[in-house]
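File shown: start-v4.cif. Contents: mmCIF, N, CA and C atoms and all ligand atoms.
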```
data_input
#
loop_
_atom_site.group_PDB
_atom_site.id
_atom_site.type_symbol
_atom_site.label_atom_id
_atom_site.label_comp_id
_atom_site.auth_asym_id
_atom_site.auth_seq_id
_atom_site.Cartn_x
_atom_site.Cartn_y
_atom_site.Cartn_z
ATOM 1 N N MET F 1 37.389 26.101 -46.835
ATOM 2 C CA MET F 1 35.967 25.949 -46.550
ATOM 3 C C MET F 1 35.458 27.268 -45.971
ATOM 4 N N SER F 2 34.372 27.708 -46.508
ATOM 5 C CA SER F 2 33.806 28.985 -46.054
ATOM 6 C C SER F 2 33.135 28.811 -44.696
ATOM 7 N N LEU F 3 32.873 29.925 -44.049
ATOM 8 C CA LEU F 3 32.148 29.886 -42.774
ATOM 9 C C LEU F 3 30.796 29.206 -42.944
ATOM 10 N N ALA F 4 30.110 29.531 -44.031
ATOM 11 C CA ALA F 4 28.790 28.929 -44.267
ATOM 12 C C ALA F 4 28.896 27.411 -44.375
ATOM 13 N N ASN F 5 29.916 26.936 -45.072
ATOM 14 C CA ASN F 5 30.084 25.481 -45.212
ATOM 15 C C ASN F 5 30.455 24.831 -43.882
ATOM 16 N N ARG F 6 31.287 25.518 -43.077
ATOM 17 C CA ARG F 6 31.653 24.965 -41.759
ATOM 18 C C ARG F 6 30.409 24.887 -40.865
ATOM 19 N N LEU F 7 29.557 25.926 -40.947
ATOM 20 C CA LEU F 7 28.319 25.899 -40.152
ATOM 21 C C LEU F 7 27.377 24.801 -40.637
ATOM 22 N N ARG F 8 27.349 24.580 -41.996
ATOM 23 C CA ARG F 8 26.529 23.473 -42.524
ATOM 24 C C ARG F 8 27.055 22.135 -42.009
ATOM 25 N N ALA F 9 28.358 21.988 -41.970
ATOM 26 C CA ALA F 9 28.946 20.750 -41.464
ATOM 27 C C ALA F 9 28.594 20.554 -39.988
ATOM 28 N N GLU F 10 28.691 21.655 -39.232
ATOM 29 C CA GLU F 10 28.317 21.577 -37.816
ATOM 30 C C GLU F 10 26.845 21.195 -37.661
ATOM 31 N N ALA F 11 26.012 21.787 -38.516
ATOM 32 C CA ALA F 11 24.578 21.459 -38.467
ATOM 33 C C ALA F 11 24.357 19.972 -38.764
ATOM 34 N N GLY F 12 25.144 19.428 -39.680
ATOM 35 C CA GLY F 12 25.044 17.991 -39.994
ATOM 36 C C GLY F 12 25.424 17.141 -38.794
ATOM 37 N N ILE F 13 26.477 17.553 -38.081
ATOM 38 C CA ILE F 13 26.899 16.804 -36.891
ATOM 39 C C ILE F 13 25.812 16.848 -35.822
ATOM 40 N N ILE F 14 25.254 18.030 -35.615
ATOM 41 C CA ILE F 14 24.171 18.172 -34.625
ATOM 42 C C ILE F 14 23.010 17.247 -34.988
ATOM 43 N N THR F 15 22.660 17.248 -36.277
ATOM 44 C CA THR F 15 21.536 16.415 -36.736
ATOM 45 C C THR F 15 21.813 14.934 -36.497
ATOM 46 N N GLU F 16 23.021 14.490 -36.817
ATOM 47 C CA GLU F 16 23.375 13.080 -36.605
ATOM 48 C C GLU F 16 23.307 12.717 -35.126
ATOM 49 N N ASN F 17 23.771 13.623 -34.259
ATOM 50 C CA ASN F 17 23.707 13.359 -32.818
ATOM 51 C C ASN F 17 22.266 13.224 -32.335
ATOM 52 N N VAL F 18 21.415 14.111 -32.826
ATOM 53 C CA VAL F 18 20.005 14.050 -32.429
ATOM 54 C C VAL F 18 19.362 12.761 -32.942
ATOM 55 N N ARG F 19 19.678 12.397 -34.198
ATOM 56 C CA ARG F 19 19.134 11.144 -34.754
ATOM 57 C C ARG F 19 19.565 9.945 -33.912
ATOM 58 N N ALA F 20 20.801 9.957 -33.434
ATOM 59 C CA ALA F 20 21.312 8.838 -32.636
ATOM 60 C C ALA F 20 20.606 8.741 -31.286
ATOM 61 N N GLU F 21 20.178 9.880 -30.752
ATOM 62 C CA GLU F 21 19.511 9.871 -29.444
ATOM 63 C C GLU F 21 18.041 9.476 -29.528
ATOM 64 N N THR F 22 17.438 9.642 -30.682
ATOM 65 C CA THR F 22 15.985 9.480 -30.815
ATOM 66 C C THR F 22 15.487 8.080 -30.427
ATOM 67 N N PRO F 23 16.102 6.976 -30.861
ATOM 68 C CA PRO F 23 15.568 5.668 -30.457
ATOM 69 C C PRO F 23 15.541 5.479 -28.936
ATOM 70 N N GLY F 24 16.555 5.965 -28.260
ATOM 71 C CA GLY F 24 16.566 5.859 -26.793
ATOM 72 C C GLY F 24 15.452 6.675 -26.166
ATOM 73 N N LEU F 25 15.200 7.855 -26.733
ATOM 74 C CA LEU F 25 14.106 8.685 -26.212
ATOM 75 C C LEU F 25 12.757 8.027 -26.456
ATOM 76 N N VAL F 26 12.594 7.428 -27.633
ATOM 77 C CA VAL F 26 11.336 6.734 -27.938
ATOM 78 C C VAL F 26 11.142 5.567 -26.970
ATOM 79 N N ALA F 27 12.204 4.824 -26.700
ATOM 80 C CA ALA F 27 12.108 3.711 -25.756
ATOM 81 C C ALA F 27 11.751 4.222 -24.362
ATOM 82 N N ASP F 28 12.367 5.335 -23.944
ATOM 83 C CA ASP F 28 12.025 5.936 -22.642
ATOM 84 C C ASP F 28 10.553 6.327 -22.599
ATOM 85 N N LEU F 29 10.066 6.921 -23.691
ATOM 86 C CA LEU F 29 8.661 7.334 -23.754
ATOM 87 C C LEU F 29 7.727 6.134 -23.645
ATOM 88 N N LEU F 30 8.044 5.060 -24.357
ATOM 89 C CA LEU F 30 7.199 3.861 -24.308
ATOM 90 C C LEU F 30 7.160 3.279 -22.901
ATOM 91 N N ARG F 31 8.314 3.258 -22.232
ATOM 92 C CA ARG F 31 8.339 2.765 -20.841
ATOM 93 C C ARG F 31 7.494 3.661 -19.938
ATOM 94 N N ALA F 32 7.611 4.971 -20.116
ATOM 95 C CA ALA F 32 6.834 5.916 -19.297
ATOM 96 C C ALA F 32 5.340 5.744 -19.559
ATOM 97 N N GLU F 33 4.951 5.564 -20.831
ATOM 98 C CA GLU F 33 3.535 5.357 -21.150
ATOM 99 C C GLU F 33 3.016 4.069 -20.517
ATOM 100 N N GLN F 34 3.848 3.034 -20.479
ATOM 101 C CA GLN F 34 3.450 1.776 -19.863
ATOM 102 C C GLN F 34 3.245 1.964 -18.358
ATOM 103 N N VAL F 35 4.123 2.718 -17.724
ATOM 104 C CA VAL F 35 3.987 2.999 -16.289
ATOM 105 C C VAL F 35 2.696 3.766 -16.033
ATOM 106 N N VAL F 36 2.402 4.787 -16.862
ATOM 107 C CA VAL F 36 1.169 5.571 -16.710
ATOM 108 C C VAL F 36 -0.047 4.660 -16.879
ATOM 109 N N PHE F 37 -0.017 3.798 -17.884
ATOM 110 C CA PHE F 37 -1.131 2.869 -18.125
ATOM 111 C C PHE F 37 -1.352 1.971 -16.911
ATOM 112 N N GLU F 38 -0.268 1.421 -16.374
ATOM 113 C CA GLU F 38 -0.392 0.513 -15.227
ATOM 114 C C GLU F 38 -0.885 1.253 -13.982
ATOM 115 N N LEU F 39 -0.405 2.465 -13.762
ATOM 116 C CA LEU F 39 -0.861 3.240 -12.609
ATOM 117 C C LEU F 39 -2.340 3.601 -12.730
ATOM 118 N N LYS F 40 -2.777 3.985 -13.930
ATOM 119 C CA LYS F 40 -4.195 4.302 -14.131
ATOM 120 C C LYS F 40 -5.059 3.071 -13.864
ATOM 121 N N ALA F 41 -4.625 1.920 -14.343
ATOM 122 C CA ALA F 41 -5.382 0.690 -14.122
ATOM 123 C C ALA F 41 -5.440 0.365 -12.632
ATOM 124 N N LYS F 42 -4.330 0.579 -11.943
ATOM 125 C CA LYS F 42 -4.292 0.310 -10.506
ATOM 126 C C LYS F 42 -5.221 1.264 -9.751
ATOM 127 N N ILE F 43 -5.220 2.535 -10.144
ATOM 128 C CA ILE F 43 -6.093 3.523 -9.500
ATOM 129 C C ILE F 43 -7.557 3.191 -9.783
ATOM 130 N N ASP F 44 -7.872 2.849 -11.038
ATOM 131 C CA ASP F 44 -9.247 2.463 -11.376
ATOM 132 C C ASP F 44 -9.691 1.278 -10.527
ATOM 133 N N ASN F 45 -8.795 0.301 -10.390
ATOM 134 C CA ASN F 45 -9.115 -0.882 -9.591
ATOM 135 C C ASN F 45 -9.357 -0.496 -8.137
ATOM 136 N N ARG F 46 -8.519 0.372 -7.612
ATOM 137 C CA ARG F 46 -8.676 0.793 -6.211
ATOM 138 C C ARG F 46 -9.966 1.569 -6.007
ATOM 139 N N ASN F 47 -10.394 2.329 -7.023
ATOM 140 C CA ASN F 47 -11.640 3.083 -6.909
ATOM 141 C C ASN F 47 -12.856 2.167 -6.828
ATOM 142 N N GLU F 48 -12.706 0.934 -7.293
ATOM 143 C CA GLU F 48 -13.816 -0.024 -7.258
ATOM 144 C C GLU F 48 -13.921 -0.752 -5.928
ATOM 145 N N ILE F 49 -12.948 -0.543 -5.032
ATOM 146 C CA ILE F 49 -12.926 -1.325 -3.803
ATOM 147 C C ILE F 49 -14.136 -1.030 -2.921
ATOM 148 N N GLU F 50 -14.625 0.212 -2.942
ATOM 149 C CA GLU F 50 -15.783 0.542 -2.104
ATOM 150 C C GLU F 50 -17.016 -0.263 -2.518
ATOM 151 N N SER F 51 -17.266 -0.338 -3.828
ATOM 152 C CA SER F 51 -18.439 -1.097 -4.278
ATOM 153 C C SER F 51 -18.229 -2.592 -4.051
ATOM 154 N N ARG F 52 -16.985 -3.040 -4.176
ATOM 155 C CA ARG F 52 -16.728 -4.465 -3.902
ATOM 156 C C ARG F 52 -16.935 -4.774 -2.428
ATOM 157 N N LEU F 53 -16.580 -3.845 -1.567
ATOM 158 C CA LEU F 53 -16.805 -4.061 -0.136
ATOM 159 C C LEU F 53 -18.294 -4.227 0.134
ATOM 160 N N LEU F 54 -19.109 -3.386 -0.513
ATOM 161 C CA LEU F 54 -20.556 -3.476 -0.302
ATOM 162 C C LEU F 54 -21.111 -4.807 -0.795
ATOM 163 N N SER F 55 -20.512 -5.353 -1.846
ATOM 164 C CA SER F 55 -21.032 -6.608 -2.398
ATOM 165 C C SER F 55 -20.328 -7.836 -1.838
ATOM 166 N N TYR F 56 -19.335 -7.632 -0.978
ATOM 167 C CA TYR F 56 -18.632 -8.792 -0.398
ATOM 168 C C TYR F 56 -19.529 -9.463 0.624
ATOM 169 N N ASN F 57 -19.822 -10.705 0.370
ATOM 170 C CA ASN F 57 -20.676 -11.464 1.284
ATOM 171 C C ASN F 57 -20.080 -12.848 1.484
ATOM 172 N N PRO F 58 -19.325 -13.050 2.540
ATOM 173 C CA PRO F 58 -18.676 -14.341 2.755
ATOM 174 C C PRO F 58 -19.643 -15.444 3.158
ATOM 175 N N GLU F 59 -20.923 -15.116 3.277
ATOM 176 C CA GLU F 59 -21.885 -16.130 3.715
ATOM 177 C C GLU F 59 -22.587 -16.822 2.554
ATOM 178 N N THR F 60 -22.306 -16.419 1.322
ATOM 179 C CA THR F 60 -22.950 -17.071 0.181
ATOM 180 C C THR F 60 -22.091 -18.233 -0.298
ATOM 181 N N GLY F 61 -22.751 -19.217 -0.906
ATOM 182 C CA GLY F 61 -22.015 -20.343 -1.474
ATOM 183 C C GLY F 61 -21.522 -21.305 -0.415
ATOM 184 N N HIS F 62 -20.783 -22.289 -0.860
ATOM 185 C CA HIS F 62 -20.302 -23.326 0.056
ATOM 186 C C HIS F 62 -19.083 -22.858 0.835
ATOM 187 N N ASP F 63 -18.120 -22.291 0.135
ATOM 188 C CA ASP F 63 -16.928 -21.751 0.800
ATOM 189 C C ASP F 63 -16.946 -20.236 0.640
ATOM 190 N N PRO F 64 -16.613 -19.501 1.687
ATOM 191 C CA PRO F 64 -16.611 -18.034 1.563
ATOM 192 C C PRO F 64 -15.527 -17.573 0.591
ATOM 193 N N ASP F 65 -15.785 -16.440 -0.054
ATOM 194 C CA ASP F 65 -14.783 -15.884 -0.972
ATOM 195 C C ASP F 65 -13.678 -15.187 -0.190
ATOM 196 N N CYS F 66 -12.495 -15.238 -0.730
ATOM 197 C CA CYS F 66 -11.334 -14.572 -0.144
ATOM 198 C C CYS F 66 -11.534 -13.052 -0.221
ATOM 199 N N PRO F 67 -11.411 -12.355 0.906
ATOM 200 C CA PRO F 67 -11.598 -10.906 0.864
ATOM 201 C C PRO F 67 -10.527 -10.190 0.043
ATOM 202 N N TYR F 68 -9.297 -10.664 0.062
ATOM 203 C CA TYR F 68 -8.226 -10.019 -0.729
ATOM 204 C C TYR F 68 -8.489 -10.156 -2.222
ATOM 205 N N CYS F 69 -8.795 -11.371 -2.657
ATOM 206 C CA CYS F 69 -9.033 -11.590 -4.086
ATOM 207 C C CYS F 69 -10.237 -10.787 -4.568
ATOM 208 N N TRP F 70 -11.287 -10.747 -3.734
ATOM 209 C CA TRP F 70 -12.502 -10.026 -4.144
ATOM 210 C C TRP F 70 -12.273 -8.525 -4.139
ATOM 211 N N LEU F 71 -11.728 -7.992 -3.053
ATOM 212 C CA LEU F 71 -11.601 -6.542 -2.929
ATOM 213 C C LEU F 71 -10.545 -5.972 -3.877
ATOM 214 N N LEU F 72 -9.428 -6.637 -4.015
ATOM 215 C CA LEU F 72 -8.332 -6.081 -4.809
ATOM 216 C C LEU F 72 -8.442 -6.401 -6.298
ATOM 217 N N ASN F 73 -9.059 -7.550 -6.631
ATOM 218 C CA ASN F 73 -9.086 -7.952 -8.043
ATOM 219 C C ASN F 73 -10.474 -8.251 -8.578
ATOM 220 N N GLY F 74 -11.501 -8.209 -7.723
ATOM 221 C CA GLY F 74 -12.849 -8.557 -8.170
ATOM 222 C C GLY F 74 -12.960 -10.024 -8.535
ATOM 223 N N GLN F 75 -12.110 -10.831 -7.943
ATOM 224 C CA GLN F 75 -12.041 -12.254 -8.286
ATOM 225 C C GLN F 75 -12.604 -13.092 -7.143
ATOM 226 N N GLN F 76 -13.461 -14.049 -7.494
ATOM 227 C CA GLN F 76 -13.995 -14.949 -6.489
ATOM 228 C C GLN F 76 -13.068 -16.148 -6.359
ATOM 229 N N SER F 77 -12.588 -16.351 -5.144
ATOM 230 C CA SER F 77 -11.710 -17.486 -4.863
ATOM 231 C C SER F 77 -12.043 -17.981 -3.462
ATOM 232 N N PRO F 78 -12.267 -19.278 -3.313
ATOM 233 C CA PRO F 78 -12.733 -19.768 -2.019
ATOM 234 C C PRO F 78 -11.652 -19.751 -0.937
ATOM 235 N N VAL F 79 -12.105 -19.469 0.274
ATOM 236 C CA VAL F 79 -11.262 -19.629 1.461
ATOM 237 C C VAL F 79 -11.666 -20.967 2.065
ATOM 238 N N LYS F 80 -10.678 -21.863 2.153
ATOM 239 C CA LYS F 80 -10.976 -23.214 2.630
ATOM 240 C C LYS F 80 -10.129 -23.547 3.850
ATOM 241 N N PRO F 81 -10.594 -24.505 4.649
ATOM 242 C CA PRO F 81 -9.788 -24.919 5.797
ATOM 243 C C PRO F 81 -8.427 -25.451 5.328
ATOM 244 N N VAL F 82 -7.383 -25.072 6.055
ATOM 245 C CA VAL F 82 -6.044 -25.575 5.768
ATOM 246 C C VAL F 82 -5.942 -26.972 6.371
ATOM 247 N N GLU F 83 -5.645 -27.928 5.517
ATOM 248 C CA GLU F 83 -5.635 -29.312 5.992
ATOM 249 C C GLU F 83 -4.222 -29.734 6.377
ATOM 250 N N GLU F 84 -3.753 -29.156 7.468
ATOM 251 C CA GLU F 84 -2.443 -29.511 8.010
ATOM 252 C C GLU F 84 -2.596 -29.745 9.505
ATOM 253 N N PRO F 85 -1.801 -30.667 10.045
ATOM 254 C CA PRO F 85 -1.882 -30.914 11.486
ATOM 255 C C PRO F 85 -1.619 -29.632 12.287
ATOM 256 N N GLY F 86 -2.434 -29.406 13.286
ATOM 257 C CA GLY F 86 -2.258 -28.240 14.150
ATOM 258 C C GLY F 86 -2.815 -26.953 13.591
ATOM 259 N N LYS F 87 -3.487 -27.035 12.441
ATOM 260 C CA LYS F 87 -4.035 -25.816 11.841
ATOM 261 C C LYS F 87 -5.553 -25.931 11.675
ATOM 262 N N ALA F 88 -6.194 -26.457 12.702
ATOM 263 C CA ALA F 88 -7.645 -26.649 12.614
ATOM 264 C C ALA F 88 -8.390 -25.330 12.489
ATOM 265 N N ASP F 89 -7.789 -24.259 12.993
ATOM 266 C CA ASP F 89 -8.469 -22.965 12.940
ATOM 267 C C ASP F 89 -7.931 -22.066 11.823
ATOM 268 N N HIS F 90 -7.170 -22.649 10.878
ATOM 269 C CA HIS F 90 -6.586 -21.875 9.782
ATOM 270 C C HIS F 90 -7.401 -22.068 8.509
ATOM 271 N N TYR F 91 -7.612 -20.972 7.809
ATOM 272 C CA TYR F 91 -8.287 -21.001 6.513
ATOM 273 C C TYR F 91 -7.379 -20.296 5.510
ATOM 274 N N GLY F 92 -7.396 -20.761 4.274
ATOM 275 C CA GLY F 92 -6.490 -20.170 3.302
ATOM 276 C C GLY F 92 -7.082 -20.051 1.908
ATOM 277 N N CYS F 93 -6.491 -19.158 1.148
ATOM 278 C CA CYS F 93 -6.865 -18.946 -0.252
ATOM 279 C C CYS F 93 -5.694 -19.411 -1.110
ATOM 280 N N LYS F 94 -5.957 -20.351 -2.008
ATOM 281 C CA LYS F 94 -4.874 -20.860 -2.855
ATOM 282 C C LYS F 94 -4.511 -19.900 -3.984
ATOM 283 N N THR F 95 -5.390 -18.939 -4.254
ATOM 284 C CA THR F 95 -5.110 -17.988 -5.338
ATOM 285 C C THR F 95 -4.065 -16.961 -4.918
ATOM 286 N N CYS F 96 -4.261 -16.347 -3.739
ATOM 287 C CA CYS F 96 -3.358 -15.266 -3.326
ATOM 288 C C CYS F 96 -2.478 -15.622 -2.138
ATOM 289 N N GLY F 97 -2.770 -16.742 -1.494
ATOM 290 C CA GLY F 97 -1.947 -17.150 -0.356
ATOM 291 C C GLY F 97 -2.416 -16.591 0.976
ATOM 292 N N PHE F 98 -3.521 -15.869 0.964
ATOM 293 C CA PHE F 98 -4.077 -15.324 2.211
ATOM 294 C C PHE F 98 -4.365 -16.466 3.177
ATOM 295 N N GLU F 99 -3.956 -16.292 4.423
ATOM 296 C CA GLU F 99 -4.273 -17.280 5.444
ATOM 297 C C GLU F 99 -4.887 -16.557 6.620
ATOM 298 N N PHE F 100 -5.984 -17.102 7.086
ATOM 299 C CA PHE F 100 -6.761 -16.493 8.163
ATOM 300 C C PHE F 100 -6.860 -17.484 9.306
ATOM 301 N N ILE F 101 -6.593 -16.995 10.506
ATOM 302 C CA ILE F 101 -6.730 -17.845 11.692
ATOM 303 C C ILE F 101 -8.004 -17.413 12.401
ATOM 304 N N ASP F 102 -8.962 -18.329 12.416
ATOM 305 C CA ASP F 102 -10.254 -18.047 13.033
ATOM 306 C C ASP F 102 -10.231 -18.552 14.464
ATOM 307 N N ARG F 103 -9.915 -17.674 15.384
ATOM 308 C CA ARG F 103 -9.754 -18.060 16.791
ATOM 309 C C ARG F 103 -11.056 -18.582 17.383
ATOM 310 N N LEU F 104 -12.194 -18.173 16.792
ATOM 311 C CA LEU F 104 -13.462 -18.604 17.366
ATOM 312 C C LEU F 104 -13.798 -20.047 16.994
ATOM 313 N N THR F 105 -13.106 -20.612 15.976
ATOM 314 C CA THR F 105 -13.369 -21.990 15.573
ATOM 315 C C THR F 105 -13.113 -22.944 16.721
ATOM 316 N N GLN F 106 -12.076 -22.675 17.485
ATOM 317 C CA GLN F 106 -11.699 -23.563 18.572
ATOM 318 C C GLN F 106 -12.523 -23.318 19.833
ATOM 319 N N GLY F 107 -13.372 -22.361 19.813
ATOM 320 C CA GLY F 107 -14.229 -22.079 20.968
ATOM 321 C C GLY F 107 -13.659 -20.956 21.711
HETATM 322 ZN ZN ZN A 201 -7.227 -14.779 -2.205
#
```
What does this structure look like when you write it as structure tokens?
Ligand SMILES: [Zn+2]
Amino acid sequence: MSLANRLRAEAGIITENVRAETPGLVADLLRAEQVVFELKAKIDNRNEIESRLLSYNPETGHDPDCPYCWLLNGQQSPVKPVEEPGKADHYGCKTCGFEFIDRLTQG
């Protein structure tokens, strides 16, 4: 086998190795793109928190909206009294699990 043929064979081996690595690299790229997409969405959401704070009004409607659900997700979810013994001053959100103890309720 001539030097040229040995180098062609080596080039074939290199090519096969690169081909074998490509699917893993593509999968890595897709995961990285998904992370970038999720981070951008999270940053966009966080940038909206200032305007949500300005529009947060717990005095409208029958039950006040949960501040966590509104500020973090723009979602209206009521904060209602927790109906458990000994928790007369507790209010909770069933959407996110936020629980608030209103010390002024008891006087
Ligand atoms: Zn909530």
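Distances here use only C-alpha atoms and all ligand atoms; by that measure, the residue among F:Ala88, F:Ala9, F:Leu72, F:Ile101 closest to ligand ZN 201 (chain A) is F:Leu72.
The shortest atom-to-atom distance to ligand ZN 201 (chain A), with all atoms listed in the file taken into account, belongs to F:Lys94 out of F:Lys87, F:Lys94, F:Lys42, F:Arg103.
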Counting only C-alpha atoms and all ligand atoms, what are the residues of chain F within 6 Å of ligand ZN 201 (chain A), and for each of them which pair of atoms is the nearest and at what distance in Å, to one decimal? Sort the table by chain and rising number, as a Markdown table.
```
| residue | atom | partner | partner_atom | distance |
| --- | --- | --- | --- | --- |
| F:Cys66 | CA | A:ZN201 | ZN | 4.6 |
| F:Tyr68 | CA | A:ZN201 | ZN | 5.1 |
| F:Cys69 | CA | A:ZN201 | ZN | 4.1 |
| F:Ser77 | CA | A:ZN201 | ZN | 5.9 |
| F:Cys93 | CA | A:ZN201 | ZN | 4.6 |
| F:Thr95 | CA | A:ZN201 | ZN | 5.0 |
| F:Cys96 | CA | A:ZN201 | ZN | 4.1 |
| F:Phe98 | CA | A:ZN201 | ZN | 5.5 |
```
Taking the backbone alone, and naming residues the way the document does, which bits of chain F are helix (DSSP H, G or I) by DSSP, as number ranges by chain? F: 3-47, 49-55, 67-73, 103-106
Students should find that atom N of Gly74 (chain F) and atom C of Arg46 (chain F) are spaced 10.0 Å
Answer as a PDB file with N, CA and C atoms, in the coordinates of the input, residues within 8 Å of (-12.2, -19.4, 4.8) using only N, CA and C atoms:
```pdb
ATOM      1  N   ASP F  63     -18.120 -22.291   0.135  1.00  0.00           N
ATOM      2  CA  ASP F  63     -16.928 -21.751   0.800  1.00  0.00           C
ATOM      3  C   ASP F  63     -16.946 -20.236   0.640  1.00  0.00           C
ATOM      4  N   PRO F  64     -16.613 -19.501   1.687  1.00  0.00           N
ATOM      5  CA  PRO F  64     -16.611 -18.034   1.563  1.00  0.00           C
ATOM      6  C   PRO F  64     -15.527 -17.573   0.591  1.00  0.00           C
ATOM      7  N   ASP F  65     -15.785 -16.440  -0.054  1.00  0.00           N
ATOM      8  CA  ASP F  65     -14.783 -15.884  -0.972  1.00  0.00           C
ATOM      9  C   ASP F  65     -13.678 -15.187  -0.190  1.00  0.00           C
ATOM     10  N   CYS F  66     -12.495 -15.238  -0.730  1.00  0.00           N
ATOM     11  CA  CYS F  66     -11.334 -14.572  -0.144  1.00  0.00           C
ATOM     12  C   CYS F  66     -11.534 -13.052  -0.221  1.00  0.00           C
ATOM     13  N   PRO F  78     -12.267 -19.278  -3.313  1.00  0.00           N
ATOM     14  CA  PRO F  78     -12.733 -19.768  -2.019  1.00  0.00           C
ATOM     15  C   PRO F  78     -11.652 -19.751  -0.937  1.00  0.00           C
ATOM     16  N   VAL F  79     -12.105 -19.469   0.274  1.00  0.00           N
ATOM     17  CA  VAL F  79     -11.262 -19.629   1.461  1.00  0.00           C
ATOM     18  C   VAL F  79     -11.666 -20.967   2.065  1.00  0.00           C
ATOM     19  N   LYS F  80     -10.678 -21.863   2.153  1.00  0.00           N
ATOM     20  CA  LYS F  80     -10.976 -23.214   2.630  1.00  0.00           C
ATOM     21  C   LYS F  80     -10.129 -23.547   3.850  1.00  0.00           C
ATOM     22  N   PRO F  81     -10.594 -24.505   4.649  1.00  0.00           N
ATOM     23  CA  PRO F  81      -9.788 -24.919   5.797  1.00  0.00           C
ATOM     24  C   PRO F  81      -8.427 -25.451   5.328  1.00  0.00           C
ATOM     25  N   VAL F  82      -7.383 -25.072   6.055  1.00  0.00           N
ATOM     26  CA  VAL F  82      -6.044 -25.575   5.768  1.00  0.00           C
ATOM     27  C   VAL F  82      -5.942 -26.972   6.371  1.00  0.00           C
ATOM     28  N   HIS F  90      -7.170 -22.649  10.878  1.00  0.00           N
ATOM     29  CA  HIS F  90      -6.586 -21.875   9.782  1.00  0.00           C
ATOM     30  C   HIS F  90      -7.401 -22.068   8.509  1.00  0.00           C
ATOM     31  N   TYR F  91      -7.612 -20.972   7.809  1.00  0.00           N
ATOM     32  CA  TYR F  91      -8.287 -21.001   6.513  1.00  0.00           C
ATOM     33  C   TYR F  91      -7.379 -20.296   5.510  1.00  0.00           C
ATOM     34  N   GLY F  92      -7.396 -20.761   4.274  1.00  0.00           N
ATOM     35  CA  GLY F  92      -6.490 -20.170   3.302  1.00  0.00           C
ATOM     36  C   GLY F  92      -7.082 -20.051   1.908  1.00  0.00           C
ATOM     37  N   CYS F  93      -6.491 -19.158   1.148  1.00  0.00           N
ATOM     38  CA  CYS F  93      -6.865 -18.946  -0.252  1.00  0.00           C
ATOM     39  C   CYS F  93      -5.694 -19.411  -1.110  1.00  0.00           C
ATOM     40  N   PHE F 100      -5.984 -17.102   7.086  1.00  0.00           N
ATOM     41  CA  PHE F 100      -6.761 -16.493   8.163  1.00  0.00           C
ATOM     42  C   PHE F 100      -6.860 -17.484   9.306  1.00  0.00           C
TER      43      PHE F 100
END
```
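Straight-line separation from atom N of Tyr56 (chain F) to atom C of Gln76 (chain F): 11.9 Å.
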Listed atoms of region 48-64 of chain F boxed along x, y and z, 8 Å each side, centre and edge lengths in Å, one decimal, as lines of an AutoDock Vina configuration file:
```
center_x = -17.8
center_y = -11.2
center_z = -1.8
size_x = 26.2
size_y = 40.3
size_z = 27.0
```
Atom N of Pro58 (chain F) sits from CA of Ala41 (chain F) at a separation of 25.7 Å
